[in-house]
Amino acid sequence: MSEKPFKNPFRTPLPSVAYFSMEYGLHSDFKMYAGGLGILAGDYIKGARDIGAPIIPIGLKWKQGYTDQKIDADGNPYDSYHNYVYDFLEDTGVTVTVKIRKVDVLCKVWKTDHFGNNPLYLLDTDIPENSDAWITGQLYGWFGEERIAQEIVLGIGGVKAMRALGIPIDVYHFNEGHAALAATQLIREKMSGGSTFEEAWRATREEVVFTTHTPIKEGNETHPLDRLEYMGAFNGLTRAQMERIGGEPFNMTVAGLRLSRISNAVAQLHADTANKMWKEVAGRSAIIGITNAIHTPTWVDERMTRAFEEGGDLWAVHKEIKQELISFIEERSGIALNADHLLIGFSRRAAPYKRSDLIFSRPDIIEPYLESGKIQIVFSGKAHPLDDNGKRIVSNLVAMMRKYPKSVVFLENYDMTIGAQLTRGSDIWLNNPRRPLEASGTSGMKAAMNGVLNCSILDGWWPEACIDGENGWQIGGGFETTDFAVLDQHDSDALYDTLLNRVLPVFYDDRAKWIQMMHRSIETTRTEFATRRMLDEYYNRMYIRS
C-alpha cells in the first residue's frame, strides 16, 4: 500500500526541516528506540520519504539501545544490554565537536536510509578519540549528567552536523524537549554575528517549532542549572539567560515552548491538556493539536488492505492473520490459545497511568471468563529500567499468566515485531489509561486499520475516531477526576460493562455485525490517521509561514 504523491499547494519550494529526536523506531533489529516517541519519529521519516518531503532527521547512534527486558524464573523483569554493530550505516566522513565538562568530545556522523526512510543522520561518540565514548551508549542514560551529555550531543552537535554536512535548514523541529539545547547553538551563532541575546532569541524563535508529548507535568524533564552549567550546556549563554529560557530548575519542555514560534500537542484532547498544563508559562508559543499518525505500509497487513479495497472476505483474512498471531504466541510463550475465542491485545509501556491490570480489578467478575477461555488476553510492554513501580506491574501481569495459563499471556521484551503481530491479529485492542494522561496512542490506529476493533477509554486519539458501537467501542463517557481511586472504580465498572455486555455478544452471536464494524474501523481511520495527513498538517500549520 503506497502513499499518493504529495501535492505542494504553494508556489515556493517546501522548506527543509531539521527534525531532532532522541529515538527512531525503524525496525526491531535497529535498536534506536524505546517506545512510542521513537515509533512516531520512525514512521514520520518513512512517510516523508514516501512523499518526497525535505525532512532531515537527526538522532544519536546508540551502541546498546534501550533495555532488553526479560522475565526471570520468579516472574520478575530484569534488564540486559548488548553491543550492536550495524553494517548498513554509511560513514559520512564528517565529525563535529561539542564541549562537555570543558572537554572536547568528537561526534562522528553516520547516515542511513536502509528502512525506506529519509536519510537519517546519527551522531556517535563511541570513537577512539573520546575518553567519554559511552555518552551514546544507552538510550536515555541512567543519571542526570549522562542525560545532559546526550542532549548536548543531540542538540548542539546536531546543529553543527547540519553545518558540516552543508545541508541548508529552514526550520528546526524539536520532537520533545530533549533537543532544546540545539537552540542555544542557534542563538550563539547569531550572537557571534553581532546580534544581542534578545535579537538572537527572537530570530531563533522564528526558525524553531516544537512538539510536546508528555501530558503529566512531573514527567517533563528538568535539570538544575548548576548541573547544566557544570556539563557545559549553557554553550556561551549566561546563567540569567538560561533561566529566562527554561527556569530554575531548567525545564526542557518550558524551554521548547519559549524557544519556538509555534508548538503542537499530539492529539486534539492532548492540546487541551497541554494548554491547561502550561498556561502559566510566560512568553510561550501557542500549542495547537496535530494528531499523530502511522506509516501504513509498515503496520497494516497488505492482505487486509487488499480485502478491504476489493470487497473481499475480511473475516477470512482476519482468521488467517489471527492464527499466525496464535502460532507466534505459542512459539514465544509455549501457550496455545483458542482461535475461536475472543483475543484481546494490550501492549504498552508499563506505567501506572496506563493501568495494564485494570481488567483484573474485580476477579469475581472476570475470572469465570478467563477460566473458560471465553476471554483471552495477550499483554506486552517494558518498564523503564529505573522504574520499580513499572516493573511491579509487569510482575503482576506475569502472575496473572501463571494463574490463568490457558487465557492470559505476557510476551517479554516488547518490540516492533511483537507490536505488529498483536495489532494485526488480535480481535480487539484494549486501552484503558487514566484520562487525560494518554497523549495519543498510535498502537490503536494500527489495530483499527487492520480491522482490529478498539475498545478504549476516550483518551488520546480515540475521541477523534470513535463512533461508538459502529467502528469500535468507548469505555465510559470521558469521565475525569484527580481522585484516582474514584476514577479507577468508575472506569473498571465501565470496562466490564462494555466488554461483557457489548463486545462479547457481538463477537460470539453476531458475526455479520462484527465484520461490518471491522469494515467501518478501516474505512474511518485509514486516511485520517496515516502519515500523509500528519505531514500535510505539519507543513501547512507549522513549517510554512503564512
# chains A, B, ... in the order shown; residues from 1 in each chain; ligands from 1
>>> residues_around(residues="Asn83 (chain A)", least_positions_apart="3", cutoff="12 Å", atoms="only C-alpha atoms", output="short mmCIF file (atom, residue, chain, number, x, y, z; two decimals) with N, CA, C and O atoms, in the first residue's frame")
data_model
loop_
_atom_site.label_atom_id
_atom_site.label_comp_id
_atom_site.auth_asym_id
_atom_site.auth_seq_id
_atom_site.Cartn_x
_atom_site.Cartn_y
_atom_site.Cartn_z
N PHE A 30 17.03 -2.68 14.65
CA PHE A 30 17.80 -1.44 14.71
C PHE A 30 17.44 -0.76 16.03
O PHE A 30 16.43 -0.07 16.13
N LYS A 31 18.27 -0.94 17.05
CA LYS A 31 17.90 -0.63 18.43
C LYS A 31 18.07 0.85 18.76
O LYS A 31 18.81 1.24 19.65
N LYS A 61 23.45 7.62 17.58
CA LYS A 61 23.71 6.21 17.30
C LYS A 61 23.97 5.50 18.62
O LYS A 61 25.03 5.63 19.22
N TRP A 62 22.97 4.74 19.08
CA TRP A 62 23.06 4.08 20.37
C TRP A 62 23.80 2.76 20.25
O TRP A 62 23.40 1.90 19.47
N LYS A 63 24.85 2.60 21.03
CA LYS A 63 25.64 1.37 20.97
C LYS A 63 24.86 0.18 21.52
O LYS A 63 24.93 -0.93 21.01
N GLN A 64 24.09 0.43 22.60
CA GLN A 64 23.32 -0.65 23.22
C GLN A 64 21.82 -0.42 23.12
O GLN A 64 21.05 -1.31 23.46
N GLY A 65 21.42 0.72 22.65
CA GLY A 65 19.99 1.00 22.54
C GLY A 65 19.30 1.04 23.88
O GLY A 65 19.89 1.41 24.90
N TYR A 66 18.03 0.66 23.90
CA TYR A 66 17.25 0.60 25.13
C TYR A 66 17.43 -0.79 25.72
O TYR A 66 18.06 -1.66 25.14
N THR A 67 16.85 -1.02 26.87
CA THR A 67 16.99 -2.32 27.53
C THR A 67 16.33 -3.46 26.77
O THR A 67 15.27 -3.28 26.16
N ASP A 68 16.97 -4.63 26.78
CA ASP A 68 16.27 -5.88 26.51
C ASP A 68 15.75 -6.34 27.86
O ASP A 68 16.53 -6.52 28.80
N SER A 80 18.91 -6.32 30.36
CA SER A 80 20.20 -6.73 29.82
C SER A 80 20.53 -5.85 28.62
O SER A 80 19.64 -5.28 27.98
N TYR A 86 26.05 -2.29 13.19
CA TYR A 86 25.14 -2.20 12.04
C TYR A 86 25.96 -1.95 10.78
O TYR A 86 26.53 -0.86 10.61
N ASP A 126 31.21 7.04 20.27
CA ASP A 126 31.96 5.80 20.53
C ASP A 126 33.10 5.66 19.52
O ASP A 126 33.09 4.79 18.66
N TRP A 134 31.14 6.55 25.96
CA TRP A 134 29.85 5.93 26.26
C TRP A 134 28.69 6.91 26.40
O TRP A 134 27.61 6.54 26.85
N THR A 136 26.95 7.99 24.05
CA THR A 136 25.91 7.40 23.19
C THR A 136 25.83 5.89 23.40
O THR A 136 25.56 5.13 22.47
N GLY A 137 26.01 5.44 24.62
CA GLY A 137 25.97 4.01 24.92
C GLY A 137 24.56 3.48 25.07
O GLY A 137 24.11 2.63 24.30
N GLN A 138 23.81 4.01 26.05
CA GLN A 138 22.46 3.52 26.33
C GLN A 138 21.45 4.64 26.16
O GLN A 138 21.63 5.74 26.70
#
>>> residues_around(residues="Arg526 (chain A)", least_positions_apart="6", cutoff="9 Å", atoms="only C-alpha atoms", output="MDAnalysis selection string")
chainID A and resid 296 445 448:449
>>> closest_residue(among="A:Ile366, A:Ile335, A:Asp468, A:Ile326", to="Arg424 (chain A)", atoms="only C-alpha atoms")
A:Ile326
>>> select_by_dssp(residues="region 36-225 of chain A", states="helix (DSSP H, G or I)", output="number ranges by chain")
A: 36-51, 133-136, 144-165, 177-179, 182-192, 197-205, 217-219, 225
>>> closest_atom_pairs(of="region 444-502 of chain A", to="region 305-320 of chain A", cutoff="12 Å", atoms="only C-alpha atoms", output="CSV")
residue,atom,partner,partner_atom,distance
A:Ala447,CA,A:His318,CA,11.7
A:Ala448,CA,A:Thr305,CA,11.6
A:Met449,CA,A:Thr305,CA,8.2
A:Asn450,CA,A:Thr305,CA,7.6
A:Gly451,CA,A:His318,CA,7.8
A:Val452,CA,A:His318,CA,8.6
A:Leu453,CA,A:His318,CA,11.6
>>> residues_around(residues="region 13-29 of chain A", least_positions_apart="4", cutoff="6 Å", atoms="only C-alpha atoms", output="list in words")
Tyr33, Gly38, Ile39, Ala41, Gly42, Pro54, Ile55, Ile56, Pro57, Ile58, Gly59, Ile169, Asp170, Val171, Tyr172, His173, Phe174, Asn175 and Met416 of chain A
>>> write_last_selection(atoms="C-alpha atoms", output="short mmCIF file (atom, residue, chain, number, x, y, z; two decimals), in the first residue's frame")
data_model
loop_
_atom_site.label_atom_id
_atom_site.label_comp_id
_atom_site.auth_asym_id
_atom_site.auth_seq_id
_atom_site.Cartn_x
_atom_site.Cartn_y
_atom_site.Cartn_z
CA TYR A 33 14.10 3.35 20.02
CA GLY A 38 10.59 6.64 18.63
CA ILE A 39 7.93 4.74 16.69
CA ALA A 41 9.60 9.52 14.67
CA GLY A 42 10.42 6.45 12.60
CA PRO A 54 12.60 17.54 2.63
CA ILE A 55 12.77 16.49 6.28
CA ILE A 56 16.28 15.81 7.57
CA PRO A 57 16.18 13.65 10.72
CA ILE A 58 18.95 13.86 13.33
CA GLY A 59 19.50 11.48 16.24
CA ILE A 169 17.90 24.28 7.00
CA ASP A 170 14.80 26.48 7.06
CA VAL A 171 13.03 25.05 10.12
CA TYR A 172 14.30 23.25 13.23
CA HIS A 173 11.72 20.82 14.64
CA PHE A 174 12.33 19.61 18.20
CA ASN A 175 10.46 16.35 18.77
CA MET A 416 8.19 -3.60 16.97
#
>>> atom_distance(atom1="CA of Glu206 (chain A)", atom2="CA of Arg545 (chain A)")
9.4 Å
>>> select_by_dssp(residues="region 423-471 of chain A", states="strand (DSSP E or B)", output="PyMOL selection string")
chain A and resi 428-431+453-457+468
>>> residues_around(residues="Arg188 (chain A)", least_positions_apart="3", cutoff="9 Å", atoms="only C-alpha atoms", output="PDB file with all heavy atoms, in the first residue's frame")
ATOM      1  N   ALA A 183      18.807  25.033  20.408  1.00  0.00           N
ATOM      2  CA  ALA A 183      18.525  26.462  20.290  1.00  0.00           C
ATOM      3  C   ALA A 183      19.648  27.313  20.875  1.00  0.00           C
ATOM      4  O   ALA A 183      19.874  28.439  20.419  1.00  0.00           O
ATOM      5  CB  ALA A 183      17.203  26.795  20.972  1.00  0.00           C
ATOM      6  N   THR A 184      20.356  26.792  21.879  1.00  0.00           N
ATOM      7  CA  THR A 184      21.480  27.570  22.408  1.00  0.00           C
ATOM      8  C   THR A 184      22.555  27.731  21.339  1.00  0.00           C
ATOM      9  O   THR A 184      23.237  28.761  21.282  1.00  0.00           O
ATOM     10  CB  THR A 184      22.093  26.915  23.668  1.00  0.00           C
ATOM     11  OG1 THR A 184      22.738  25.680  23.326  1.00  0.00           O
ATOM     12  CG2 THR A 184      21.037  26.670  24.734  1.00  0.00           C
ATOM     13  N   GLN A 185      22.718  26.728  20.491  1.00  0.00           N
ATOM     14  CA  GLN A 185      23.683  26.836  19.398  1.00  0.00           C
ATOM     15  C   GLN A 185      23.204  27.826  18.345  1.00  0.00           C
ATOM     16  O   GLN A 185      23.993  28.626  17.821  1.00  0.00           O
ATOM     17  CB  GLN A 185      23.934  25.465  18.770  1.00  0.00           C
ATOM     18  CG  GLN A 185      24.928  25.445  17.641  1.00  0.00           C
ATOM     19  CD  GLN A 185      26.341  25.847  18.064  1.00  0.00           C
ATOM     20  OE1 GLN A 185      26.678  25.779  19.254  1.00  0.00           O
ATOM     21  NE2 GLN A 185      27.156  26.274  17.119  1.00  0.00           N
ATOM     22  N   MET A 191      24.609  35.489  17.890  1.00  0.00           N
ATOM     23  CA  MET A 191      25.350  36.438  18.735  1.00  0.00           C
ATOM     24  C   MET A 191      26.785  36.595  18.233  1.00  0.00           C
ATOM     25  O   MET A 191      27.357  37.689  18.297  1.00  0.00           O
ATOM     26  CB  MET A 191      25.319  35.981  20.192  1.00  0.00           C
ATOM     27  CG  MET A 191      23.929  36.086  20.826  1.00  0.00           C
ATOM     28  SD  MET A 191      23.846  35.432  22.523  1.00  0.00           S
ATOM     29  CE  MET A 191      24.801  36.690  23.409  1.00  0.00           C
ATOM     30  N   SER A 192      27.348  35.511  17.708  1.00  0.00           N
ATOM     31  CA  SER A 192      28.700  35.600  17.132  1.00  0.00           C
ATOM     32  C   SER A 192      28.721  36.522  15.918  1.00  0.00           C
ATOM     33  O   SER A 192      29.762  37.101  15.570  1.00  0.00           O
ATOM     34  CB  SER A 192      29.199  34.214  16.725  1.00  0.00           C
ATOM     35  OG  SER A 192      29.302  33.375  17.845  1.00  0.00           O
ATOM     36  N   GLY A 193      27.569  36.665  15.267  1.00  0.00           N
ATOM     37  CA  GLY A 193      27.456  37.554  14.104  1.00  0.00           C
ATOM     38  C   GLY A 193      27.119  38.979  14.467  1.00  0.00           C
ATOM     39  O   GLY A 193      26.877  39.800  13.575  1.00  0.00           O
ATOM     40  N   PHE A 197      21.600  39.161  22.654  1.00  0.00           N
ATOM     41  CA  PHE A 197      20.885  37.950  23.070  1.00  0.00           C
ATOM     42  C   PHE A 197      19.409  38.045  22.720  1.00  0.00           C
ATOM     43  O   PHE A 197      18.821  37.090  22.206  1.00  0.00           O
ATOM     44  CB  PHE A 197      21.063  37.719  24.576  1.00  0.00           C
ATOM     45  CG  PHE A 197      20.159  36.646  25.131  1.00  0.00           C
ATOM     46  CD1 PHE A 197      20.372  35.312  24.829  1.00  0.00           C
ATOM     47  CD2 PHE A 197      19.069  36.978  25.934  1.00  0.00           C
ATOM     48  CE1 PHE A 197      19.533  34.320  25.319  1.00  0.00           C
ATOM     49  CE2 PHE A 197      18.223  35.992  26.434  1.00  0.00           C
ATOM     50  CZ  PHE A 197      18.460  34.665  26.123  1.00  0.00           C
ATOM     51  N   ALA A 200      18.950  37.609  19.029  1.00  0.00           N
ATOM     52  CA  ALA A 200      19.233  36.229  18.628  1.00  0.00           C
ATOM     53  C   ALA A 200      18.106  35.290  19.045  1.00  0.00           C
ATOM     54  O   ALA A 200      17.736  34.371  18.302  1.00  0.00           O
ATOM     55  CB  ALA A 200      20.559  35.785  19.242  1.00  0.00           C
ATOM     56  N   ASN A 235      26.583  26.688  26.844  1.00  0.00           N
ATOM     57  CA  ASN A 235      27.068  26.911  25.480  1.00  0.00           C
ATOM     58  C   ASN A 235      27.303  28.396  25.182  1.00  0.00           C
ATOM     59  O   ASN A 235      26.941  28.900  24.118  1.00  0.00           O
ATOM     60  CB  ASN A 235      26.067  26.326  24.475  1.00  0.00           C
ATOM     61  CG  ASN A 235      26.662  26.155  23.086  1.00  0.00           C
ATOM     62  OD1 ASN A 235      27.871  25.978  22.933  1.00  0.00           O
ATOM     63  ND2 ASN A 235      25.809  26.202  22.070  1.00  0.00           N
ATOM     64  N   GLY A 236      27.897  29.099  26.143  1.00  0.00           N
ATOM     65  CA  GLY A 236      28.216  30.511  25.935  1.00  0.00           C
ATOM     66  C   GLY A 236      27.167  31.469  26.460  1.00  0.00           C
ATOM     67  O   GLY A 236      27.417  32.681  26.545  1.00  0.00           O
ATOM     68  N   LEU A 237      25.975  30.980  26.801  1.00  0.00           N
ATOM     69  CA  LEU A 237      24.952  31.847  27.378  1.00  0.00           C
ATOM     70  C   LEU A 237      25.203  32.007  28.880  1.00  0.00           C
ATOM     71  O   LEU A 237      25.903  31.203  29.502  1.00  0.00           O
ATOM     72  CB  LEU A 237      23.557  31.269  27.129  1.00  0.00           C
ATOM     73  CG  LEU A 237      23.151  31.035  25.675  1.00  0.00           C
ATOM     74  CD1 LEU A 237      21.678  30.646  25.586  1.00  0.00           C
ATOM     75  CD2 LEU A 237      23.436  32.259  24.805  1.00  0.00           C
TER      76      LEU A 237
END
>>> closest_atom_pairs(of="region 418-491 of chain A", to="region 215-219 of chain A", cutoff="12 Å", atoms="only C-alpha atoms", output="JSON lines")
{"residue": "A:Arg434", "atom": "CA", "partner": "A:Ile216", "partner_atom": "CA", "distance": 11.2}
{"residue": "A:Arg435", "atom": "CA", "partner": "A:Pro215", "partner_atom": "CA", "distance": 10.2}
{"residue": "A:Pro436", "atom": "CA", "partner": "A:Pro215", "partner_atom": "CA", "distance": 7.6}
{"residue": "A:Leu437", "atom": "CA", "partner": "A:Pro215", "partner_atom": "CA", "distance": 5.6}
{"residue": "A:Glu438", "atom": "CA", "partner": "A:Pro215", "partner_atom": "CA", "distance": 7.1}
{"residue": "A:Ala439", "atom": "CA", "partner": "A:Pro215", "partner_atom": "CA", "distance": 6.1}
{"residue": "A:Ser440", "atom": "CA", "partner": "A:Pro215", "partner_atom": "CA", "distance": 9.8}
{"residue": "A:Asp459", "atom": "CA", "partner": "A:Pro215", "partner_atom": "CA", "distance": 11.4}
{"residue": "A:Gly460", "atom": "CA", "partner": "A:Pro215", "partner_atom": "CA", "distance": 10.1}
>>> residues_around(residues="Ile100 (chain A)", least_positions_apart="5", cutoff="8 Å", atoms="only C-alpha atoms", output="mmCIF file with N, CA, C and O atoms, in the first residue's frame")
data_model
loop_
_atom_site.group_PDB
_atom_site.id
_atom_site.type_symbol
_atom_site.label_atom_id
_atom_site.label_comp_id
_atom_site.auth_asym_id
_atom_site.auth_seq_id
_atom_site.Cartn_x
_atom_site.Cartn_y
_atom_site.Cartn_z
ATOM 1 N N VAL A 105 34.560 16.789 22.940
ATOM 2 C CA VAL A 105 34.053 15.453 22.615
ATOM 3 C C VAL A 105 33.752 15.421 21.125
ATOM 4 O O VAL A 105 32.999 16.260 20.618
ATOM 5 N N ALA A 149 24.614 15.168 28.867
ATOM 6 C CA ALA A 149 25.661 14.968 27.851
ATOM 7 C C ALA A 149 25.045 14.490 26.545
ATOM 8 O O ALA A 149 25.428 14.956 25.452
ATOM 9 N N ILE A 152 23.344 17.426 24.876
ATOM 10 C CA ILE A 152 24.310 18.333 24.255
ATOM 11 C C ILE A 152 24.716 17.792 22.885
ATOM 12 O O ILE A 152 24.777 18.529 21.894
ATOM 13 N N MET A 231 28.083 20.862 33.154
ATOM 14 C CA MET A 231 28.212 19.988 31.991
ATOM 15 C C MET A 231 28.574 20.755 30.723
ATOM 16 O O MET A 231 28.979 20.145 29.730
ATOM 17 N N GLY A 232 28.396 22.069 30.732
ATOM 18 C CA GLY A 232 28.708 22.858 29.541
ATOM 19 C C GLY A 232 27.514 23.129 28.658
ATOM 20 O O GLY A 232 27.675 23.568 27.515
ATOM 21 N N ALA A 233 26.316 22.914 29.192
ATOM 22 C CA ALA A 233 25.111 23.064 28.378
ATOM 23 C C ALA A 233 24.725 24.523 28.151
ATOM 24 O O ALA A 233 23.905 24.806 27.273
#
>>> closest_residue(among="A:Leu397, A:Ala494, A:Ile287, A:Val409", to="Leu337 (chain A)", atoms="only C-alpha atoms")
A:Val409
>>> residues_around(residues="region 370-374 of chain A", least_positions_apart="3", cutoff="7 Å", atoms="only C-alpha atoms", output="PyMOL selection string")
chain A and resi 341-342+366-367+404+406-407
>>> write_last_selection(atoms="N, CA and C atoms", output="PDB file, in the first residue's frame")
ATOM      1  N   HIS A 341     -11.971 -18.234  20.170  1.00  0.00           N
ATOM      2  CA  HIS A 341     -12.366 -17.399  21.312  1.00  0.00           C
ATOM      3  C   HIS A 341     -11.795 -15.989  21.176  1.00  0.00           C
ATOM      4  N   LEU A 342     -12.472 -15.043  21.820  1.00  0.00           N
ATOM      5  CA  LEU A 342     -12.081 -13.637  21.749  1.00  0.00           C
ATOM      6  C   LEU A 342     -10.644 -13.459  22.235  1.00  0.00           C
ATOM      7  N   ILE A 366     -14.404 -11.163  36.358  1.00  0.00           N
ATOM      8  CA  ILE A 366     -13.650 -11.568  35.168  1.00  0.00           C
ATOM      9  C   ILE A 366     -13.192 -13.017  35.207  1.00  0.00           C
ATOM     10  N   GLU A 367     -13.009 -13.570  36.400  1.00  0.00           N
ATOM     11  CA  GLU A 367     -12.398 -14.902  36.497  1.00  0.00           C
ATOM     12  C   GLU A 367     -13.141 -15.999  35.727  1.00  0.00           C
ATOM     13  N   TYR A 404      -3.779 -17.934  35.202  1.00  0.00           N
ATOM     14  CA  TYR A 404      -4.722 -18.311  34.131  1.00  0.00           C
ATOM     15  C   TYR A 404      -3.920 -18.754  32.907  1.00  0.00           C
ATOM     16  N   LYS A 406      -4.223 -20.720  30.490  1.00  0.00           N
ATOM     17  CA  LYS A 406      -4.842 -21.008  29.194  1.00  0.00           C
ATOM     18  C   LYS A 406      -5.425 -19.767  28.518  1.00  0.00           C
ATOM     19  N   SER A 407      -5.419 -18.639  29.237  1.00  0.00           N
ATOM     20  CA  SER A 407      -6.118 -17.484  28.667  1.00  0.00           C
ATOM     21  C   SER A 407      -5.371 -16.158  28.817  1.00  0.00           C
TER      22      SER A 407
END
>>> residues_around(residues="Pro297 (chain A)", least_positions_apart="5", cutoff="12 Å", atoms="only C-alpha atoms", output="VMD selection string")
chain A and resid 1 to 3 43 46 to 47 50 115 to 117 302 to 305 420 446 449 to 450 526 530 to 532
>>> atom_distance(atom1="CA of Tyr353 (chain A)", atom2="CA of Pro433 (chain A)")
5.6 Å
>>> closest_residue(among="A:Gly158, A:Gly35, A:Pro463, A:Gly472", to="His270 (chain A)", atoms="only C-alpha atoms")
A:Pro463
>>> atom_distance(atom1="CA of Gln489 (chain A)", atom2="CA of Pro352 (chain A)")
14.8 Å
>>> closest_residue(among="A:Met542, A:Asp124, A:Ile359, A:Cys466", to="Ile522 (chain A)", atoms="only C-alpha atoms")
A:Cys466
